[in-house]
Structures are given as structure tokens and as C-alpha cells.
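Dropping structure.cif in here (mmCIF, C-alpha atoms):
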```cif
data_protein
#
loop_
_atom_site.label_atom_id
_atom_site.label_comp_id
_atom_site.auth_asym_id
_atom_site.auth_seq_id
_atom_site.Cartn_x
_atom_site.Cartn_y
_atom_site.Cartn_z
CA MET A 1 28.44 30.19 3.21
CA ILE A 2 28.08 26.59 4.25
CA GLN A 3 30.78 25.66 6.78
CA VAL A 4 30.89 21.90 6.11
CA LYS A 5 34.22 21.32 7.84
CA THR A 6 32.96 22.92 11.06
CA MET A 7 29.74 20.92 11.00
CA ILE A 8 31.63 17.65 10.57
CA LYS A 9 33.66 18.42 13.68
CA LEU A 10 30.44 18.99 15.62
CA TRP A 11 29.07 15.47 15.14
CA VAL A 12 32.37 13.55 15.31
CA GLY A 13 32.53 13.98 19.08
CA VAL A 14 28.95 12.85 19.40
CA LEU A 15 29.55 9.74 17.33
CA LEU A 16 32.54 8.77 19.47
CA GLY A 17 30.49 9.32 22.60
CA LEU A 18 27.71 7.05 21.40
CA VAL A 19 30.21 4.34 20.46
CA LEU A 20 31.43 4.48 24.06
CA LEU A 21 27.84 4.49 25.22
CA ALA A 22 27.01 1.37 23.23
CA ALA A 23 30.06 -0.36 24.64
CA THR A 24 29.33 0.49 28.27
CA ALA A 25 25.55 0.27 28.28
CA THR A 26 24.34 -2.48 30.62
CA VAL A 27 20.69 -2.16 29.70
CA ARG A 28 18.84 -5.12 28.26
CA SER A 29 20.64 -6.29 25.07
CA ALA A 30 19.22 -7.39 21.77
CA GLU A 31 21.12 -10.64 22.19
CA GLU A 32 18.31 -11.90 24.40
CA ASN A 33 16.10 -12.12 21.29
CA PRO A 34 17.71 -13.68 18.19
CA GLU A 35 15.28 -11.91 15.88
CA SER A 36 15.97 -8.55 17.49
CA GLU A 37 19.69 -9.30 17.47
CA ALA A 38 19.65 -9.84 13.69
CA LEU A 39 17.61 -6.68 13.17
CA PHE A 40 19.93 -4.74 15.47
CA GLN A 41 22.97 -5.86 13.49
CA LYS A 42 21.19 -4.90 10.29
CA GLY A 43 20.61 -1.42 11.72
CA MET A 44 24.24 -1.09 12.85
CA ASP A 45 25.50 -2.12 9.41
CA ALA A 46 23.22 0.45 7.79
CA LEU A 47 24.44 3.12 10.21
CA GLN A 48 28.04 2.23 9.44
CA ASP A 49 27.36 2.56 5.70
CA ASP A 50 25.45 5.83 6.16
CA ARG A 51 22.22 4.23 4.98
CA LEU A 52 20.34 6.29 7.50
CA LYS A 53 16.79 5.55 6.34
CA SER A 54 17.44 1.79 6.60
CA ALA A 55 19.00 2.26 10.05
CA ILE A 56 15.99 4.25 11.24
CA ARG A 57 13.61 1.56 9.99
CA ALA A 58 15.58 -1.24 11.68
CA PHE A 59 15.87 0.40 15.10
CA SER A 60 12.29 1.64 15.01
CA LYS A 61 11.07 -1.90 14.28
CA ILE A 62 12.98 -3.21 17.31
CA LEU A 63 11.41 -0.60 19.56
CA ASP A 64 7.95 -1.44 18.24
CA THR A 65 8.26 -4.91 19.79
CA GLU A 66 10.73 -4.18 22.61
CA PRO A 67 10.21 -0.55 23.68
CA GLU A 68 12.41 -1.02 26.78
CA LEU A 69 15.55 -1.68 24.70
CA ASP A 70 17.45 1.55 25.34
CA ARG A 71 20.48 0.60 23.31
CA ALA A 72 18.34 0.50 20.15
CA ARG A 73 16.79 3.79 21.25
CA LEU A 74 20.23 5.41 21.49
CA GLU A 75 21.32 4.15 18.07
CA LEU A 76 18.04 5.43 16.63
CA ALA A 77 18.81 8.80 18.23
CA LEU A 78 22.19 8.82 16.50
CA ALA A 79 20.58 7.99 13.14
CA TYR A 80 18.11 10.85 13.56
CA TYR A 81 20.92 13.17 14.63
CA ARG A 82 22.94 12.39 11.52
CA SER A 83 19.79 12.99 9.47
CA MET A 84 19.61 16.46 11.04
CA ARG A 85 16.25 15.59 12.67
CA TYR A 86 17.30 17.01 15.99
CA GLU A 87 13.91 17.08 17.68
CA ASN A 88 13.40 13.32 17.21
CA ALA A 89 16.94 12.61 18.38
CA GLU A 90 16.52 14.74 21.49
CA LYS A 91 13.29 13.01 22.57
CA LEU A 92 14.88 9.57 22.29
CA ALA A 93 18.06 10.52 24.17
CA GLN A 94 16.08 12.31 26.87
CA SER A 95 13.92 9.22 27.45
CA VAL A 96 17.09 7.19 28.12
CA LEU A 97 18.34 9.86 30.49
CA ASP A 98 15.01 9.86 32.33
CA ASN A 99 15.17 6.11 32.84
CA PRO A 100 16.19 5.55 36.50
CA THR A 101 17.91 2.25 35.60
CA THR A 102 20.37 3.95 33.22
CA PRO A 103 23.91 3.56 34.72
CA ALA A 104 25.72 6.71 35.87
CA GLU A 105 28.55 6.36 33.35
CA VAL A 106 26.01 6.10 30.53
CA ARG A 107 24.10 9.13 31.80
CA VAL A 108 27.29 11.23 31.50
CA THR A 109 27.65 10.29 27.84
CA VAL A 110 23.97 10.95 27.12
CA LEU A 111 24.24 14.37 28.74
CA ALA A 112 27.22 15.20 26.50
CA PHE A 113 25.28 14.00 23.46
CA LEU A 114 22.26 16.13 24.37
CA ALA A 115 24.43 19.20 24.90
CA GLN A 116 26.03 18.77 21.48
CA LEU A 117 22.69 18.05 19.85
CA ARG A 118 21.11 21.19 21.31
CA ARG A 119 24.02 23.33 20.12
CA ASP A 120 23.60 21.98 16.60
CA ALA A 121 19.83 22.40 16.70
CA GLU A 122 20.24 25.98 17.86
CA GLN A 123 22.58 26.66 14.96
CA PHE A 124 20.00 25.41 12.47
CA LYS A 125 17.22 27.35 14.16
CA LYS A 126 18.89 30.56 13.03
CA LYS A 127 17.06 31.22 9.82
CA ASN A 128 19.29 34.10 8.78
CA ASN A 129 23.05 34.10 9.13
CA PHE A 130 24.99 37.14 8.00
CA SER A 131 28.76 37.46 7.68
CA SER A 132 30.90 40.15 6.14
CA TYR A 133 34.53 40.68 5.21
CA ALA A 134 36.91 43.45 4.21
CA THR A 135 40.30 43.44 2.49
CA ALA A 136 42.75 46.27 1.85
CA GLY A 137 46.20 46.01 0.35
CA ILE A 138 48.86 47.27 -1.99
CA MET A 139 50.21 45.61 -5.10
CA HIS A 140 52.81 46.01 -7.80
CA ASP A 141 51.95 45.07 -11.38
CA SER A 142 54.82 44.85 -13.86
CA ASN A 143 52.55 44.81 -16.92
CA ILE A 144 49.20 46.46 -16.27
CA ASN A 145 48.28 46.64 -19.98
CA VAL A 146 49.57 43.11 -20.82
CA GLY A 147 51.79 44.64 -23.49
CA PRO A 148 54.85 43.19 -25.23
CA THR A 149 58.32 44.03 -23.99
CA THR A 150 59.89 45.26 -27.24
CA ALA A 151 58.76 47.84 -29.80
CA ASP A 152 60.27 46.03 -32.79
CA ILE A 153 58.47 42.82 -33.65
CA ARG A 154 57.79 40.82 -36.80
CA ILE A 155 54.46 39.48 -38.06
CA GLY A 156 55.56 36.80 -40.50
CA ASP A 157 58.08 38.56 -42.76
CA THR A 158 56.74 42.04 -41.96
CA PRO A 159 58.51 44.18 -39.33
CA ILE A 160 56.26 46.30 -37.10
CA SER A 161 57.31 49.08 -34.76
CA LEU A 162 54.99 49.61 -31.80
CA THR A 163 54.41 52.93 -30.08
CA GLN A 164 55.60 53.44 -26.52
CA GLY A 165 51.98 53.39 -25.34
CA SER A 166 51.62 49.84 -26.62
CA LEU A 167 54.57 48.50 -24.67
CA LYS A 168 54.22 47.06 -21.20
CA ARG A 169 53.83 49.50 -18.34
CA SER A 170 54.27 48.93 -14.62
CA ASP A 171 52.55 50.61 -11.70
CA ASN A 172 51.58 50.24 -8.06
CA ALA A 173 47.97 50.04 -6.96
CA GLY A 174 45.73 49.98 -3.93
CA ILE A 175 43.40 46.99 -3.62
CA TYR A 176 40.07 47.20 -1.79
CA ASN A 177 37.38 44.56 -1.41
CA ILE A 178 34.32 44.44 0.85
CA GLY A 179 31.45 42.00 0.88
CA VAL A 180 28.56 40.49 2.80
CA ASP A 181 27.24 36.91 2.70
CA HIS A 182 23.81 35.73 3.75
CA LEU A 183 22.75 32.15 4.45
CA TYR A 184 19.05 31.42 4.85
CA GLN A 185 18.36 28.06 6.46
CA THR A 186 14.89 27.01 5.37
CA GLY A 187 14.57 24.24 7.96
CA LYS A 188 13.26 21.98 5.19
CA HIS A 189 14.61 18.45 4.84
CA VAL A 190 15.01 16.79 1.46
CA GLU A 191 15.14 13.00 1.22
CA VAL A 192 17.98 11.94 -1.08
CA GLY A 193 18.09 8.16 -1.31
CA GLU A 194 19.15 6.83 2.10
CA THR A 195 20.22 10.24 3.39
CA THR A 196 18.62 13.52 4.31
CA GLY A 197 19.68 16.93 3.07
CA MET A 198 19.09 20.43 4.40
CA LEU A 199 17.81 23.02 1.93
CA MET A 200 19.41 26.46 2.16
CA TRP A 201 19.64 29.68 0.20
CA GLN A 202 22.94 31.52 -0.30
CA SER A 203 23.38 35.15 -1.33
CA SER A 204 26.33 37.50 -1.48
CA ALA A 205 27.24 41.03 -2.50
CA SER A 206 30.72 42.49 -2.95
CA VAL A 207 32.63 45.45 -4.34
CA TYR A 208 36.21 45.22 -5.59
CA TYR A 209 38.38 48.12 -6.71
CA ARG A 210 41.94 48.32 -8.02
CA ASP A 211 43.28 51.88 -7.96
CA TYR A 212 46.52 52.39 -9.92
CA HIS A 213 48.73 55.27 -8.85
CA LYS A 214 49.88 56.61 -12.25
CA PHE A 215 47.87 54.99 -15.02
CA ASN A 216 44.31 55.58 -13.83
CA GLU A 217 42.89 54.55 -17.21
CA PHE A 218 43.41 50.96 -15.99
CA ASP A 219 41.59 51.39 -12.66
CA LEU A 220 39.22 48.43 -12.39
CA GLY A 221 36.01 48.15 -10.39
CA VAL A 222 33.69 45.14 -10.03
CA ALA A 223 30.36 45.14 -8.19
CA SER A 224 28.87 41.65 -7.81
CA LEU A 225 25.58 40.16 -6.66
CA SER A 226 24.77 36.44 -6.47
CA THR A 227 22.00 34.28 -5.06
CA GLY A 228 20.70 30.74 -5.31
CA PRO A 229 19.70 27.52 -3.52
CA ALA A 230 22.02 25.01 -1.90
CA LEU A 231 21.52 21.48 -0.61
CA LEU A 232 23.75 20.03 2.12
CA VAL A 233 23.97 16.31 2.85
CA LEU A 234 26.46 15.95 5.71
CA ARG A 235 29.47 13.70 5.05
CA HIS A 236 28.22 12.97 1.53
CA TRP A 237 27.85 15.90 -0.83
CA ARG A 238 26.70 19.46 -1.24
CA ALA A 239 25.30 21.23 -4.27
CA SER A 240 24.43 24.79 -5.21
CA LEU A 241 23.05 26.80 -8.10
CA GLN A 242 24.14 30.42 -8.17
CA VAL A 243 22.85 33.21 -10.39
CA LYS A 244 25.30 36.09 -10.52
CA THR A 245 25.68 39.49 -12.10
CA ASP A 246 28.86 41.61 -12.28
CA PHE A 247 29.05 45.26 -13.23
CA LEU A 248 32.53 46.28 -14.39
CA THR A 249 34.05 49.73 -14.62
CA LEU A 250 37.31 50.89 -16.18
CA ASN A 251 38.67 54.28 -15.11
CA LYS A 252 35.34 54.85 -13.28
CA GLU A 253 33.38 54.48 -16.53
CA ALA A 254 31.03 51.60 -17.34
CA LEU A 255 32.87 48.74 -19.02
CA GLY A 256 30.22 46.02 -19.14
CA TRP A 257 27.73 43.65 -17.51
CA PHE A 258 28.45 39.95 -17.02
CA SER A 259 25.47 37.74 -16.09
CA SER A 260 26.18 34.14 -15.05
CA VAL A 261 24.60 30.85 -14.01
CA ASN A 262 26.89 28.61 -11.96
CA PRO A 263 25.88 25.08 -10.81
CA SER A 264 28.28 23.02 -8.70
CA VAL A 265 28.38 19.72 -6.83
CA THR A 266 30.99 18.54 -4.32
CA TRP A 267 31.27 14.88 -3.29
CA GLN A 268 33.05 14.13 -0.03
CA PHE A 269 35.07 11.03 0.75
CA ASN A 270 37.62 10.01 3.32
CA ASN A 271 40.30 12.73 3.47
CA GLY A 272 39.19 14.47 0.32
CA GLU A 273 36.52 15.71 -2.02
CA LEU A 274 35.72 15.92 -5.73
CA ASN A 275 34.10 19.05 -7.16
CA TRP A 276 32.34 19.59 -10.48
CA ASP A 277 31.15 22.98 -11.59
CA ALA A 278 30.04 24.73 -14.74
CA ILE A 279 29.42 28.34 -15.67
CA TYR A 280 27.59 30.14 -18.41
CA THR A 281 28.18 33.90 -18.73
CA ARG A 282 26.59 36.38 -21.10
CA ARG A 283 29.07 39.21 -21.58
CA PHE A 284 27.78 42.67 -22.54
CA TYR A 285 30.16 45.59 -23.09
CA ASN A 286 29.27 49.30 -22.96
CA ARG A 287 32.07 50.72 -25.10
CA ASN A 288 31.73 50.70 -28.88
CA VAL A 289 35.32 49.56 -29.21
CA ASP A 290 34.36 46.31 -27.42
CA ASP A 291 31.35 45.44 -29.59
CA GLY A 292 33.05 42.43 -31.13
CA ARG A 293 33.91 41.04 -27.68
CA LYS A 294 30.29 40.56 -26.66
CA GLY A 295 29.32 36.92 -26.44
CA ASP A 296 28.68 33.76 -24.45
CA TYR A 297 31.31 32.20 -22.20
CA LEU A 298 30.98 28.55 -21.17
CA ALA A 299 33.28 26.46 -19.01
CA THR A 300 33.09 23.24 -17.03
CA GLY A 301 35.61 21.24 -15.07
CA MET A 302 36.46 19.06 -12.11
CA THR A 303 38.83 19.49 -9.17
CA LEU A 304 40.11 16.76 -6.88
CA GLY A 305 41.32 17.66 -3.38
CA ARG A 306 43.09 15.43 -0.85
CA TYR A 307 44.09 16.05 2.75
CA PHE A 308 47.21 14.71 4.44
CA ASP A 309 48.81 14.80 7.88
CA GLN A 310 45.51 15.36 9.72
CA ARG A 311 44.48 18.06 7.22
CA ARG A 312 47.65 20.08 7.78
CA VAL A 313 48.51 19.56 4.12
CA SER A 314 46.10 19.66 1.19
CA ALA A 315 46.69 19.04 -2.52
CA THR A 316 44.43 19.86 -5.45
CA ALA A 317 44.44 19.05 -9.16
CA GLY A 318 41.90 19.84 -11.81
CA GLY A 319 41.03 20.66 -15.38
CA ARG A 320 38.51 22.79 -17.30
CA LEU A 321 37.16 22.99 -20.82
CA ILE A 322 36.40 26.50 -22.11
CA LYS A 323 34.46 27.98 -25.02
CA PHE A 324 33.84 31.65 -25.77
CA LEU A 325 31.40 32.48 -28.56
CA ALA A 326 32.17 36.11 -29.38
CA ASP A 327 30.24 38.26 -31.84
CA ASP A 328 33.50 38.72 -33.76
CA ASP A 329 35.29 35.40 -34.35
CA GLN A 330 38.72 36.92 -33.85
CA PHE A 331 37.87 37.25 -30.13
CA GLY A 332 36.16 33.87 -29.73
CA TYR A 333 38.14 30.80 -28.73
CA THR A 334 38.17 27.19 -27.57
CA GLY A 335 40.53 26.21 -24.80
CA PHE A 336 41.35 24.26 -21.69
CA GLN A 337 43.10 24.70 -18.35
CA VAL A 338 44.91 22.27 -16.07
CA SER A 339 46.08 23.20 -12.59
CA ALA A 340 47.66 21.78 -9.46
CA GLY A 341 48.41 23.17 -6.05
CA VAL A 342 49.57 22.41 -2.52
CA SER A 343 48.86 24.27 0.71
CA THR A 344 50.23 23.55 4.14
CA VAL A 345 50.07 24.81 7.71
CA THR A 346 53.65 26.00 8.14
CA TYR A 347 53.43 27.09 11.78
CA ARG A 348 50.84 27.70 14.46
CA ASN A 349 49.10 30.68 12.86
CA GLY A 350 50.53 30.59 9.37
CA SER A 351 50.08 28.73 6.11
CA ALA A 352 51.63 28.71 2.66
CA TYR A 353 50.44 27.62 -0.76
CA VAL A 354 51.77 27.22 -4.27
CA ARG A 355 49.75 26.76 -7.48
CA GLN A 356 50.63 26.12 -11.10
CA ARG A 357 48.25 26.54 -14.04
CA PHE A 358 48.58 25.92 -17.77
CA ALA A 359 46.01 27.15 -20.29
CA TYR A 360 45.70 26.80 -24.07
CA PHE A 361 43.48 28.95 -26.31
CA ASP A 362 42.71 28.40 -29.99
CA TYR A 363 40.96 31.46 -31.48
CA ASP A 364 38.14 31.07 -33.99
CA GLY A 365 38.90 33.81 -36.51
CA LYS A 366 41.85 35.62 -38.05
CA ASP A 367 43.43 38.42 -36.09
CA THR A 368 43.16 41.73 -37.98
CA ILE A 369 46.86 42.45 -37.47
CA GLY A 370 48.46 39.02 -37.59
CA LEU A 371 46.16 37.90 -40.43
CA LYS A 372 45.79 34.42 -38.93
CA ALA A 373 43.99 32.82 -36.02
CA ARG A 374 45.81 33.15 -32.73
CA GLU A 375 47.02 30.24 -30.63
CA GLU A 376 48.18 31.03 -27.12
CA LYS A 377 49.69 29.16 -24.21
CA GLU A 378 49.55 30.67 -20.74
CA TYR A 379 51.76 29.57 -17.82
CA ARG A 380 50.85 30.94 -14.41
CA SER A 381 52.72 30.33 -11.13
CA THR A 382 51.37 31.58 -7.79
CA PHE A 383 52.90 31.57 -4.33
CA GLY A 384 51.22 32.84 -1.18
CA LEU A 385 51.65 33.17 2.58
CA SER A 386 48.97 33.85 5.19
CA HIS A 387 49.32 34.75 8.86
CA GLU A 388 46.37 34.97 11.23
CA TYR A 389 46.63 37.29 14.21
CA ASN A 390 44.75 35.46 16.96
CA GLU A 391 47.02 35.57 19.99
CA PRO A 392 45.73 37.52 23.04
CA GLY A 393 48.42 40.18 22.75
CA ASP A 394 48.23 40.69 18.98
CA LEU A 395 47.62 44.30 17.98
CA LEU A 396 45.80 43.17 14.84
CA LYS A 397 43.85 40.39 16.55
CA GLY A 398 41.21 39.00 14.20
CA TRP A 399 42.99 40.13 11.03
CA VAL A 400 44.79 37.97 8.47
CA ALA A 401 47.90 39.16 6.61
CA ASN A 402 48.31 37.80 3.06
CA LEU A 403 51.37 37.93 0.82
CA LEU A 404 51.00 36.90 -2.84
CA TRP A 405 53.42 36.69 -5.74
CA GLU A 406 52.34 35.62 -9.24
CA ARG A 407 54.09 35.22 -12.57
CA THR A 408 52.17 34.94 -15.87
CA GLN A 409 53.83 34.10 -19.17
CA ASN A 410 51.76 34.18 -22.37
CA ASP A 411 53.17 32.71 -25.57
CA SER A 412 51.42 33.53 -28.85
CA ASN A 413 51.94 32.27 -32.40
CA ILE A 414 51.62 35.84 -33.72
CA GLY A 415 55.13 37.16 -33.22
CA GLY A 416 55.68 39.19 -30.10
CA LEU A 417 52.40 41.07 -30.41
CA TYR A 418 50.47 38.94 -27.91
CA SER A 419 53.36 37.40 -26.03
CA TYR A 420 54.14 38.94 -22.67
CA THR A 421 55.38 38.32 -19.14
CA ARG A 422 53.65 39.77 -16.11
CA TYR A 423 54.60 39.82 -12.43
CA GLN A 424 52.19 40.77 -9.68
CA GLY A 425 52.94 41.07 -5.98
CA MET A 426 50.42 41.94 -3.29
CA LEU A 427 50.39 42.50 0.48
CA SER A 428 46.99 42.75 2.11
CA LEU A 429 45.08 42.61 5.39
CA SER A 430 41.65 40.98 5.58
CA ARG A 431 39.08 40.30 8.25
CA SER A 432 35.74 38.56 8.62
CA PHE A 433 33.04 40.03 10.81
#
```
Now that the file is in, can you turn its structure into C-alpha cells?
Amino acid sequence: MIQVKTMIKLWVGVLLGLVLLAATATVRSAEENPESEALFQKGMDALQDDRLKSAIRAFSKILDTEPELDRARLELALAYYRSMRYENAEKLAQSVLDNPTTPAEVRVTVLAFLAQLRRDAEQFKKKNNFSSYATAGIMHDSNINVGPTTADIRIGDTPISLTQGSLKRSDNAGIYNIGVDHLYQTGKHVEVGETTGMLMWQSSASVYYRDYHKFNEFDLGVASLSTGPALLVLRHWRASLQVKTDFLTLNKEALGWFSSVNPSVTWQFNNGELNWDAIYTRRFYNRNVDDGRKGDYLATGMTLGRYFDQRRVSATAGGRLIKFLADDDQFGYTGFQVSAGVSTVTYRNGSAYVRQRFAYFDYDGKDTIGLKAREEKEYRSTFGLSHEYNEPGDLLKGWVANLLWERTQNDSNIGGLYSYTRYQGMLSLSRSF
């Protein structure tokens, strides 16, 4: 997938180097020509505001009339670099380096810039980038069938006694997940206003399996495939459109097919980002008992993220609107979710996070047992710890240990039939290859 954070780090050093270069350059200055000086300032202002096309026009116009002005040539190289036009940027920087009048201290900075530029260009020359991952772990689930806690409940004025099989059951399980991601870099640039984007194509495949120890009828498997285009505009925004299909199994028998379309856009700003996404899923079920659950799932929402303490701490908050149009109205609903979370680097190789989510669902039709439409409120609290083994002497070097604990409480307006509490704890090891 697109590693935006890594790419930002790559050009930050270059930008600082060119600022130093501009400050120390003793080549002929634009101040000698008032017209060029005004145009140079116009280009610098555009560069500062990330109006890269305007900056390129300004510096290019200066060089048309004063081709010996190396400072303008270097700023033009930076503008091309930030537009991901590495070949143009390299030619300009190399011409400054080849100039015998370029001071030694400036040559050092240009050499550093060229080295960074060539590393970035080499990264984008790789048309196909593959990565894979694997996770294995154990978990405890206090309520695998999301059942109520007591057999004696009331629906209105009517008492109902549930069978033991309908009550909540707990079990341990093994968790396994493997996957592969592919990023195809087309090398094509897309002009977006004043900036330039890089067109890419993202694909992934994964298999997830939850294997319960006693109650195998709840064993869950999910095989997923997704693919779609992505557009990256460094320091500004990124967008993608994914088409995905999921094949689900329950107790090793086909449960259903979910086919989805998922657009998303993320806008970046200083120390944070804002994400919008939407999803449409057509849910097909294989079992006759699930016929009424077939339908169309739609959701959209936004998430705001902020970084603090030099990105050691991050906070997120968001909300989503949800609609499920089921074939049988008793399974269809309208709802929303709100969530908030904080994650922090707790020590050198470890991090912790906590998340809280609230969801509300208003069902469309009457429940066949409760004889009225359900209303449910879900409260979910999650806490996690991660430790990365990356010290030279670590036996599990390259692996990440994850500890997760989650509590879900569901409150329903239909007695105790759909109200439940569920605890899940998981310990896992994961690695990227």
C-alpha cells in the first residue's frame, strides 16, 4: 500500500538542504535585475504555498532570460522534485554541479540532493511492489454466539424460557491471517490544479480463519480479494477506489458472498489528516435460513486524525451513517456510529492504544419474536498493546507481538433477547515480509 509517511520523510531532508543551499549560494542573484527579482519572489511564494505549476512557470521564465542564474535553476529543480518529475529535477541539479564556479559548500548540498532524488526516482521506477504478512494468535471469546446471559426473560408481559443452546457460550480459538499486497506504479502523472499526482493501482488478497476449540459450528473463514486505482498527491491528498469481494464460511461450509465498492479520500494538513470514505456492499447468503438477510449495505463517514509530540501521540475521532436494506425488513436497519481513540508510543519498541465506539440501530420491521421493531445501542471499548522485536539480539526479530482486549455491550428494547455482553481477548504475533 501507499507509504505516504515514509515518502514525506524522504523529501523533508531535501527541502532543508535546498533552503541551506539558497542561503549559502554566492552565484549571481536575481536582485541584480528588479524584474527577475519580482518574478523570483513570485516563484518562491508559489513554492511556499505548494502552487507547484506557478512556481515552475516563474523560475522557468527567469531562466529563459537569464540562463546563468543557478539559484533559480535550483529552486526549479526543487519544484520539479516535489512534482515527482525526477528526471527534470536531476538535469537541473546536475547542471549546477557541473558549473565550475559553484562554491564547494554548495556542491556538497547539491550532491546530497541528487543522492536523495535518485533514491526516490529508483523507488518509483519499480513498477511492481509486492509485500506480504502473516498473523497467528490465540483468543478467548466469552460469548461466541452473542447470546443472552439468562434463560428467563420477558417480552412485554410474556415470560419466555430459552434453551441452554440459546444462552451465551464461551470458548478459546486460534486466529490465523495471511495476505499479500501488490502496488503497481504506472509512472503516469496526473495534473490536479497546481499540483501533480502519481497514478497507481492497488491490489490485495487475504485469508482469515478463526478456529474455535469446542464449538466448531462457529468457526469463521473469510477469503478476500480487492483491487482498484489510487492517486497520490504528496503533502496534499490521496484517493483510492477499491472493488472487493469476500467469501465467508461458517463451520467450513459456504455462508455467503459480499461484494463491495469502496471509494476514499484523505486530505493531509499540518500534523493531521481528514479521511472520507463510503462503502456499498451487496450481501448474498448461501443458507436458506439466511434468505431474509440478503440485501444492500451502505455506509459513509469521516475520520479526523491529529498528531502530537512529534507524532508520538495520535488521536482520532469520527462518525458514520449506516443503512442496510434487507430483503426481510426485520433484518434491515438505519443507524450511525461515533468513535474516538488515542494511540501513543509508550517506549522504544512499544505502543498502546485505546478506542471507544458507540452505535445505534433502528430496525425497519417487526421482530417475529418481540412483535415490534428493534432498537439497539452498542458500546464497544478496545485496548491494545504492541511490541516490535527489532533489537539485534531479539529471538523474534522482525515480528510484532499484539495484545488486545475488547468489551462489547449491546442493549436492546426487546427484553433480554438481544441484549448481551461480550469480552474478547487476543494475543498474536505478526510479521511483514
*Up to 10 Å from (38.0, 54.5, -17.6) in the file's coordinates: name the residues, counting all atoms listed in the file, as a list in words.*
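It turns out the residues near that spot are Asn216, Glu217, Phe218, Asp219, Leu220, Gly221, Thr249, Leu250, Asn251, Lys252, Glu253, Ala254 and Leu255 of chain A.
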Take the residues from that selection and put them in a file with C-alpha atoms, as an mmCIF file, in the frame of the given file.
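Output (selection_17.cif):
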```
data_model
loop_
_atom_site.group_PDB
_atom_site.id
_atom_site.type_symbol
_atom_site.label_atom_id
_atom_site.label_comp_id
_atom_site.auth_asym_id
_atom_site.auth_seq_id
_atom_site.Cartn_x
_atom_site.Cartn_y
_atom_site.Cartn_z
ATOM 1 C CA ASN A 216 44.310 55.580 -13.830
ATOM 2 C CA GLU A 217 42.890 54.550 -17.210
ATOM 3 C CA PHE A 218 43.410 50.960 -15.990
ATOM 4 C CA ASP A 219 41.590 51.390 -12.660
ATOM 5 C CA LEU A 220 39.220 48.430 -12.390
ATOM 6 C CA GLY A 221 36.010 48.150 -10.390
ATOM 7 C CA THR A 249 34.050 49.730 -14.620
ATOM 8 C CA LEU A 250 37.310 50.890 -16.180
ATOM 9 C CA ASN A 251 38.670 54.280 -15.110
ATOM 10 C CA LYS A 252 35.340 54.850 -13.280
ATOM 11 C CA GLU A 253 33.380 54.480 -16.530
ATOM 12 C CA ALA A 254 31.030 51.600 -17.340
ATOM 13 C CA LEU A 255 32.870 48.740 -19.020
#
```
*To one decimal in Å, tell me the separation between atom CA of A:Arg118 and atom CA of A:His189.*
17.9 Å
*Pull out every residue that the PyMOL selection byres ((chain A and resi 91) around 12) matches in the shown coordinates and put them as number ranges by chain.*
A: 73-74, 76-78, 80-81, 85-90, 92-98, 110, 114, 117-118
*Mind pulling up the distance from atom CA of A:Leu371 to atom CA of A:Val338?*
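Interatomic distance here is 29.0 Å.
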_Interatomic distance (Å, one decimal) between atom CA of A:Val190 and atom CA of A:Gly301_ =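 Those two atoms sit 26.8 Å apart.
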*So, counting only C-alpha atoms, which residue among A:Ile62, A:Leu241, A:Val342, A:Met139 is closest to A:Ala315?*
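Nearest candidate to A:Ala315 out of A:Ile62, A:Leu241, A:Val342, A:Met139: A:Val342.
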*Starting from the displayed file, determine the output of the PyMOL selection byres ((chain A and resi 432) around 10) and express the residue list as a list in words.*
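Checking the PyMOL selection byres ((chain A and resi 432) around 10) against this file, the residues are Ser131, Ser132, Tyr133, Ala134, Thr135, Ile178, Gly179, Val180, Gly398, Trp399, Val400, Ser430, Arg431 and Phe433 of chain A.
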_Among listed residues A:Val146, A:Val192, A:Ile322, A:Leu231, nearest A:Ser170 (using all atoms listed in the file)_ =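 Looking at the shortest contact to A:Ser170, the residue is A:Val146.
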Contacts of stretch 257-267 of chain A within 12 Å, all atoms listed in the file, excl. fewer than 5 positions in-chain, as a tab-separated table (two decimals) with C-alpha atoms, keeping the file's coordinate frame:
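This is the output file result-v3.tsv:
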```tsv
chain	number	residue	atom	x	y	z
A	4	VAL	CA	30.89	21.90	6.11
A	221	GLY	CA	36.01	48.15	-10.39
A	222	VAL	CA	33.69	45.14	-10.03
A	223	ALA	CA	30.36	45.14	-8.19
A	224	SER	CA	28.87	41.65	-7.81
A	225	LEU	CA	25.58	40.16	-6.66
A	226	SER	CA	24.77	36.44	-6.47
A	227	THR	CA	22.00	34.28	-5.06
A	228	GLY	CA	20.70	30.74	-5.31
A	229	PRO	CA	19.70	27.52	-3.52
A	230	ALA	CA	22.02	25.01	-1.90
A	231	LEU	CA	21.52	21.48	-0.61
A	232	LEU	CA	23.75	20.03	2.12
A	233	VAL	CA	23.97	16.31	2.85
A	234	LEU	CA	26.46	15.95	5.71
A	235	ARG	CA	29.47	13.70	5.05
A	236	HIS	CA	28.22	12.97	1.53
A	237	TRP	CA	27.85	15.90	-0.83
A	238	ARG	CA	26.70	19.46	-1.24
A	239	ALA	CA	25.30	21.23	-4.27
A	240	SER	CA	24.43	24.79	-5.21
A	241	LEU	CA	23.05	26.80	-8.10
A	242	GLN	CA	24.14	30.42	-8.17
A	243	VAL	CA	22.85	33.21	-10.39
A	244	LYS	CA	25.30	36.09	-10.52
A	245	THR	CA	25.68	39.49	-12.10
A	246	ASP	CA	28.86	41.61	-12.28
A	247	PHE	CA	29.05	45.26	-13.23
A	248	LEU	CA	32.53	46.28	-14.39
A	249	THR	CA	34.05	49.73	-14.62
A	272	GLY	CA	39.19	14.47	0.32
A	273	GLU	CA	36.52	15.71	-2.02
A	274	LEU	CA	35.72	15.92	-5.73
A	275	ASN	CA	34.10	19.05	-7.16
A	276	TRP	CA	32.34	19.59	-10.48
A	277	ASP	CA	31.15	22.98	-11.59
A	278	ALA	CA	30.04	24.73	-14.74
A	279	ILE	CA	29.42	28.34	-15.67
A	280	TYR	CA	27.59	30.14	-18.41
A	281	THR	CA	28.18	33.90	-18.73
A	282	ARG	CA	26.59	36.38	-21.10
A	283	ARG	CA	29.07	39.21	-21.58
A	284	PHE	CA	27.78	42.67	-22.54
A	285	TYR	CA	30.16	45.59	-23.09
A	286	ASN	CA	29.27	49.30	-22.96
A	287	ARG	CA	32.07	50.72	-25.10
A	294	LYS	CA	30.29	40.56	-26.66
A	295	GLY	CA	29.32	36.92	-26.44
A	296	ASP	CA	28.68	33.76	-24.45
A	297	TYR	CA	31.31	32.20	-22.20
A	298	LEU	CA	30.98	28.55	-21.17
A	299	ALA	CA	33.28	26.46	-19.01
A	300	THR	CA	33.09	23.24	-17.03
A	301	GLY	CA	35.61	21.24	-15.07
A	302	MET	CA	36.46	19.06	-12.11
A	303	THR	CA	38.83	19.49	-9.17
A	304	LEU	CA	40.11	16.76	-6.88
A	305	GLY	CA	41.32	17.66	-3.38
```
*From the list A:Ile414, A:Phe358, A:Arg71, A:Val345, which residue is nearest A:Val106 when using all atoms listed in the file?*
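Looking at the shortest contact to A:Val106, the residue is A:Arg71.
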*Which residue out of A:Lys53, A:Phe40, A:Asp70, A:Phe130 has the minimum interatomic distance to A:Thr102 when all atoms listed in the file are used?*
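So, comparing all the options, the nearest one is A:Asp70.
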